[in-house]
Amino acid sequence: MVVLTGAGISAESGIPTFRDPLDGFWSQFDPEELASRQGFKKDPKLVMEWYAWRREMVLKAKPNAAHEILAKWENRFKNLTLITQNVDGLHQSAGSKKVLEMHGNIHRLKCFDKSHPCDWPSVAESPLTCSMCGSQLRPDIVWFGEYLSSDVVSKIDVALMSCDVFFAIGTSGVVYPAAGYLDKAKSMGALTVVINPDRGSKGNAECFIQETASKALSIVDSLIQ
Ligand code: OAD
């Protein structure tokens, strides 16, 4: 089983999605300014403040029933691969141990020049610099125009090749490569299921559950007891 999650799974934990027309991050903020190397070079202080604000929001959030059910499924299904586009770490907070984070994690920093890993400081200092090479620190998040971790991508490819059931939960399916995974799983013979309150996200899935993540997963979970 392969499960791909997106921002919608954390919506019920109080974290805005990206593309909601009212409160989505990208309806209020410019991704070019806040989620690209060029934007960071132009105004690193603005970018770091924005991610610090988002991280504070995430630190206050708790995993919801959907995260918890998927954590339970990790023990239940030996070959479950959980892939997330989210950077909030809520799957891990719910107890999932093997999470493939496609877009990084907001709780980690790395340096701009050499990607040396680093933690957020407890006291806000500005500018933050790498203790090893002196370059500026940035969130360990994949920005637009950047490559995904090749290790994560190859683990995902292996999982998709042998997948029997593929779930896409709470994702608009517009950002590649994640947006192509459902079709890839389908072409390998998997049963494909989309869980999303928005009908527009159904794509080519054979099974579409038009519901929130927590409600849909609670029902699916009870049916496979
Ligand atoms: P989007 O904001 O594009 O889509 C969120 C989806 O969640 C939408 O299809 C909503 O209908 C759905 N949704 C909302 N509430 C839900 C709920 N309670 N239960 C289930 N679904 C719900 O977010 P992503 O698809 O995750 O990249 O976006 C993909 C990437 O684009 C993100 O990882 C981010 C962004 O740019 C980076 O930051 C690198």
# chains A, B, ... in the order shown; residues from 1 in each chain; ligands from 1
$ residues_around --residues "segment 184-198 of chain A" --least-positions-apart "5" --cutoff "8 Å" --atoms "only C-alpha atoms" --output "count of residues only"
23
$ residues_around --residues "His107 of chain A" --least-positions-apart "6" --cutoff "8 Å" --atoms "only C-alpha atoms" --output "JSON, numbers by chain"
{"A": [55, 88, 89, 119, 120, 139, 140]}
$ write_last_selection --atoms "N, CA and C atoms" --output "JSON list (two decimals), in the first residue's frame"
[["chain", "number", "residue", "atom", "x", "y", "z"],
["A", 55, "ARG", "N", 6.40, 27.88, 11.38],
["A", 55, "ARG", "CA", 6.87, 26.83, 12.30],
["A", 55, "ARG", "C", 6.19, 26.97, 13.67],
["A", 88, "ASP", "N", 5.33, 19.60, 7.91],
["A", 88, "ASP", "CA", 4.96, 19.92, 9.30],
["A", 88, "ASP", "C", 5.34, 18.85, 10.33],
["A", 89, "GLY", "N", 5.72, 17.67, 9.89],
["A", 89, "GLY", "CA", 6.12, 16.61, 10.84],
["A", 89, "GLY", "C", 4.96, 16.02, 11.62],
["A", 119, "ASP", "N", 19.94, 23.08, 13.43],
["A", 119, "ASP", "CA", 18.63, 23.23, 14.08],
["A", 119, "ASP", "C", 18.27, 24.71, 14.19],
["A", 120, "TRP", "N", 16.96, 24.97, 14.38],
["A", 120, "TRP", "CA", 16.55, 26.35, 14.66],
["A", 120, "TRP", "C", 17.11, 26.74, 16.03],
["A", 139, "PRO", "N", 15.50, 27.33, 5.60],
["A", 139, "PRO", "CA", 14.75, 26.13, 5.96],
["A", 139, "PRO", "C", 15.16, 24.94, 5.08],
["A", 140, "ASP", "N", 15.11, 23.74, 5.66],
["A", 140, "ASP", "CA", 15.43, 22.53, 4.90],
["A", 140, "ASP", "C", 14.15, 22.07, 4.18]]
$ residues_near_ligand --ligand "ligand 1" --cutoff "9 Å" --atoms "only C-alpha atoms and all ligand atoms" --output "VMD selection string"
chain A and resid 5 to 13 16 to 20 24 to 26 31 35 66 84 to 87 102 to 104 141 to 144 169 to 176 178 to 179 195 to 201 210 to 216
$ select_by_dssp --residues "chain A" --states "strand (DSSP E)" --output "PyMOL selection string"
chain A and resi 2-5+81-84+99-101+104-111+117-119+137-141+165-169+191-195+207-209
$ atom_distance --atom1 "atom CA of Ile83 of chain A" --atom2 "atom CA of Leu217 of chain A"
16.0 Å
$ residues_around --residues "Ser96 of chain A" --least-positions-apart "2" --cutoff "12 Å" --atoms "only C-alpha atoms" --output "ChimeraX atom specification"
/A:63,66-76,80-84,89-94,98-101
$ write_last_selection --atoms "N, CA, C and O atoms" --output "compact mmCIF listing (two decimals), in the first residue's frame"
# COMPACT_ATOMS: atom_id res chain seq x y z
N PRO A 63 -1.57 16.37 15.76
CA PRO A 63 -2.05 15.50 14.69
C PRO A 63 -3.54 15.22 14.87
O PRO A 63 -4.04 15.23 16.00
N ALA A 66 -6.83 11.55 11.12
CA ALA A 66 -6.28 10.99 9.86
C ALA A 66 -4.81 10.61 10.03
O ALA A 66 -4.38 9.52 9.62
N HIS A 67 -4.02 11.51 10.65
CA HIS A 67 -2.61 11.18 10.91
C HIS A 67 -2.53 9.93 11.81
O HIS A 67 -1.67 9.06 11.61
N GLU A 68 -3.42 9.88 12.80
CA GLU A 68 -3.36 8.77 13.77
C GLU A 68 -3.70 7.43 13.13
O GLU A 68 -3.05 6.42 13.41
N ILE A 69 -4.69 7.44 12.25
CA ILE A 69 -5.06 6.18 11.58
C ILE A 69 -3.90 5.70 10.70
O ILE A 69 -3.54 4.52 10.69
N LEU A 70 -3.26 6.62 9.99
CA LEU A 70 -2.13 6.21 9.13
C LEU A 70 -0.97 5.68 9.97
O LEU A 70 -0.27 4.75 9.56
N ALA A 71 -0.79 6.25 11.16
CA ALA A 71 0.28 5.74 12.05
C ALA A 71 -0.05 4.31 12.48
O ALA A 71 0.82 3.44 12.53
N LYS A 72 -1.32 4.07 12.75
CA LYS A 72 -1.76 2.72 13.14
C LYS A 72 -1.56 1.75 11.96
O LYS A 72 -1.14 0.61 12.15
N TRP A 73 -1.84 2.23 10.74
CA TRP A 73 -1.70 1.36 9.56
C TRP A 73 -0.25 0.93 9.34
O TRP A 73 0.01 -0.10 8.75
N GLU A 74 0.70 1.74 9.82
CA GLU A 74 2.12 1.37 9.63
C GLU A 74 2.40 0.02 10.30
O GLU A 74 3.18 -0.78 9.79
N ASN A 75 1.77 -0.21 11.45
CA ASN A 75 1.96 -1.49 12.14
C ASN A 75 1.09 -2.59 11.53
O ASN A 75 1.44 -3.76 11.55
N ARG A 76 -0.03 -2.16 10.98
CA ARG A 76 -1.00 -3.12 10.50
C ARG A 76 -0.62 -3.70 9.13
O ARG A 76 -0.81 -4.88 8.86
N LEU A 80 3.48 -0.85 4.00
CA LEU A 80 2.90 0.48 3.77
C LEU A 80 4.02 1.50 3.56
O LEU A 80 4.97 1.55 4.34
N THR A 81 3.91 2.26 2.49
CA THR A 81 4.86 3.36 2.27
C THR A 81 4.08 4.66 2.39
O THR A 81 3.14 4.90 1.64
N LEU A 82 4.45 5.47 3.36
CA LEU A 82 3.78 6.76 3.57
C LEU A 82 4.65 7.87 3.00
O LEU A 82 5.77 8.09 3.45
N ILE A 83 4.11 8.55 1.98
CA ILE A 83 4.83 9.64 1.33
C ILE A 83 4.08 10.92 1.67
O ILE A 83 2.86 10.98 1.52
N THR A 84 4.77 11.95 2.10
CA THR A 84 4.07 13.21 2.33
C THR A 84 4.76 14.37 1.62
O THR A 84 5.99 14.40 1.51
N GLY A 89 5.72 17.67 9.89
CA GLY A 89 6.12 16.61 10.84
C GLY A 89 4.96 16.02 11.62
O GLY A 89 5.19 15.27 12.58
N LEU A 90 3.71 16.28 11.23
CA LEU A 90 2.58 15.78 12.03
C LEU A 90 2.39 14.26 11.90
O LEU A 90 1.86 13.63 12.81
N HIS A 91 2.82 13.68 10.78
CA HIS A 91 2.75 12.20 10.69
C HIS A 91 3.64 11.58 11.77
O HIS A 91 3.25 10.64 12.45
N GLN A 92 4.84 12.15 11.93
CA GLN A 92 5.76 11.62 12.94
C GLN A 92 5.21 11.87 14.34
O GLN A 92 5.31 11.01 15.22
N SER A 93 4.59 13.05 14.56
CA SER A 93 4.01 13.33 15.89
C SER A 93 2.91 12.32 16.21
O SER A 93 2.69 11.98 17.36
N ALA A 94 2.22 11.84 15.17
CA ALA A 94 1.14 10.87 15.39
C ALA A 94 1.70 9.46 15.63
O ALA A 94 0.96 8.56 16.01
N LYS A 98 8.20 5.66 9.52
CA LYS A 98 8.88 5.63 8.22
C LYS A 98 8.13 6.56 7.25
O LYS A 98 7.25 6.11 6.51
N VAL A 99 8.46 7.83 7.29
CA VAL A 99 7.76 8.79 6.44
C VAL A 99 8.73 9.29 5.37
O VAL A 99 9.84 9.73 5.70
N LEU A 100 8.32 9.22 4.13
CA LEU A 100 9.15 9.78 3.05
C LEU A 100 8.71 11.23 2.84
O LEU A 100 7.62 11.48 2.31
N GLU A 101 9.52 12.15 3.30
CA GLU A 101 9.18 13.59 3.20
C GLU A 101 9.73 14.13 1.89
O GLU A 101 10.93 14.35 1.76
$ closest_residue --among "A:Val58, A:Ala52, A:Ile156, A:Leu4" --to "Ser126 of chain A" --atoms "only C-alpha atoms"
A:Ala52
$ select_by_dssp --residues "segment 85-173 of chain A" --states "alpha helix (DSSP H)" --output "ChimeraX atom specification"
/A:90-94,150-161
$ residues_around --residues "Pro127 of chain A" --least-positions-apart "4" --cutoff "10 Å" --atoms "only C-alpha atoms" --output "ChimeraX atom specification"
/A:44-45,48,135-137
$ atom_distance --atom1 "atom CA of Cys118 of chain A" --atom2 "atom CA of Gln28 of chain A"
28.8 Å
$ atom_distance --atom1 "atom CA of Thr129 of chain A" --atom2 "atom CA of Phe40 of chain A"
13.8 Å
$ decode --residues "segment 104-117 of chain A" --atoms "N, CA, C and O atoms" --output "PDB file, in the first residue's frame"
ATOM      1  N   GLY A 104      10.906  18.084   2.408  1.00  0.00           N
ATOM      2  CA  GLY A 104      11.717  18.488   3.555  1.00  0.00           C
ATOM      3  C   GLY A 104      10.892  18.631   4.819  1.00  0.00           C
ATOM      4  O   GLY A 104       9.798  18.078   4.936  1.00  0.00           O
ATOM      5  N   ASN A 105      11.453  19.382   5.782  1.00  0.00           N
ATOM      6  CA  ASN A 105      10.794  19.509   7.087  1.00  0.00           C
ATOM      7  C   ASN A 105      11.090  20.891   7.660  1.00  0.00           C
ATOM      8  O   ASN A 105      12.250  21.328   7.709  1.00  0.00           O
ATOM      9  N   ILE A 106      10.015  21.552   8.098  1.00  0.00           N
ATOM     10  CA  ILE A 106      10.146  22.942   8.560  1.00  0.00           C
ATOM     11  C   ILE A 106      10.902  23.058   9.881  1.00  0.00           C
ATOM     12  O   ILE A 106      11.353  24.137  10.254  1.00  0.00           O
ATOM     13  N   HIS A 107      11.064  21.938  10.577  1.00  0.00           N
ATOM     14  CA  HIS A 107      11.770  21.984  11.863  1.00  0.00           C
ATOM     15  C   HIS A 107      13.293  21.926  11.697  1.00  0.00           C
ATOM     16  O   HIS A 107      14.023  22.017  12.675  1.00  0.00           O
ATOM     17  N   ARG A 108      13.751  21.740  10.468  1.00  0.00           N
ATOM     18  CA  ARG A 108      15.201  21.688  10.236  1.00  0.00           C
ATOM     19  C   ARG A 108      15.655  22.891   9.407  1.00  0.00           C
ATOM     20  O   ARG A 108      14.906  23.398   8.575  1.00  0.00           O
ATOM     21  N   LEU A 109      16.911  23.293   9.633  1.00  0.00           N
ATOM     22  CA  LEU A 109      17.536  24.309   8.781  1.00  0.00           C
ATOM     23  C   LEU A 109      18.715  23.662   8.070  1.00  0.00           C
ATOM     24  O   LEU A 109      19.187  22.594   8.487  1.00  0.00           O
ATOM     25  N   LYS A 110      19.191  24.303   7.033  1.00  0.00           N
ATOM     26  CA  LYS A 110      20.453  23.881   6.404  1.00  0.00           C
ATOM     27  C   LYS A 110      21.086  25.144   5.842  1.00  0.00           C
ATOM     28  O   LYS A 110      20.418  26.180   5.711  1.00  0.00           O
ATOM     29  N   CYS A 111      22.408  25.064   5.518  1.00  0.00           N
ATOM     30  CA  CYS A 111      22.998  26.310   5.026  1.00  0.00           C
ATOM     31  C   CYS A 111      22.793  26.422   3.516  1.00  0.00           C
ATOM     32  O   CYS A 111      22.635  25.430   2.809  1.00  0.00           O
ATOM     33  N   PHE A 112      22.740  27.664   3.062  1.00  0.00           N
ATOM     34  CA  PHE A 112      22.396  27.973   1.673  1.00  0.00           C
ATOM     35  C   PHE A 112      23.446  27.427   0.697  1.00  0.00           C
ATOM     36  O   PHE A 112      23.104  26.866  -0.339  1.00  0.00           O
ATOM     37  N   ASP A 113      24.741  27.564   1.063  1.00  0.00           N
ATOM     38  CA  ASP A 113      25.792  27.200   0.103  1.00  0.00           C
ATOM     39  C   ASP A 113      26.051  25.705   0.039  1.00  0.00           C
ATOM     40  O   ASP A 113      26.210  25.129  -1.027  1.00  0.00           O
ATOM     41  N   LYS A 114      26.116  25.044   1.232  1.00  0.00           N
ATOM     42  CA  LYS A 114      26.602  23.660   1.225  1.00  0.00           C
ATOM     43  C   LYS A 114      25.624  22.660   1.832  1.00  0.00           C
ATOM     44  O   LYS A 114      25.952  21.484   2.010  1.00  0.00           O
ATOM     45  N   SER A 115      24.446  23.128   2.225  1.00  0.00           N
ATOM     46  CA  SER A 115      23.420  22.252   2.820  1.00  0.00           C
ATOM     47  C   SER A 115      23.863  21.575   4.116  1.00  0.00           C
ATOM     48  O   SER A 115      23.368  20.491   4.436  1.00  0.00           O
ATOM     49  N   HIS A 116      24.793  22.200   4.862  1.00  0.00           N
ATOM     50  CA  HIS A 116      25.132  21.643   6.179  1.00  0.00           C
ATOM     51  C   HIS A 116      23.880  21.706   7.057  1.00  0.00           C
ATOM     52  O   HIS A 116      23.240  22.749   7.146  1.00  0.00           O
ATOM     53  N   PRO A 117      23.531  20.582   7.728  1.00  0.00           N
ATOM     54  CA  PRO A 117      22.310  20.589   8.543  1.00  0.00           C
ATOM     55  C   PRO A 117      22.468  21.392   9.831  1.00  0.00           C
ATOM     56  O   PRO A 117      23.570  21.498  10.383  1.00  0.00           O
TER      57      PRO A 117
END
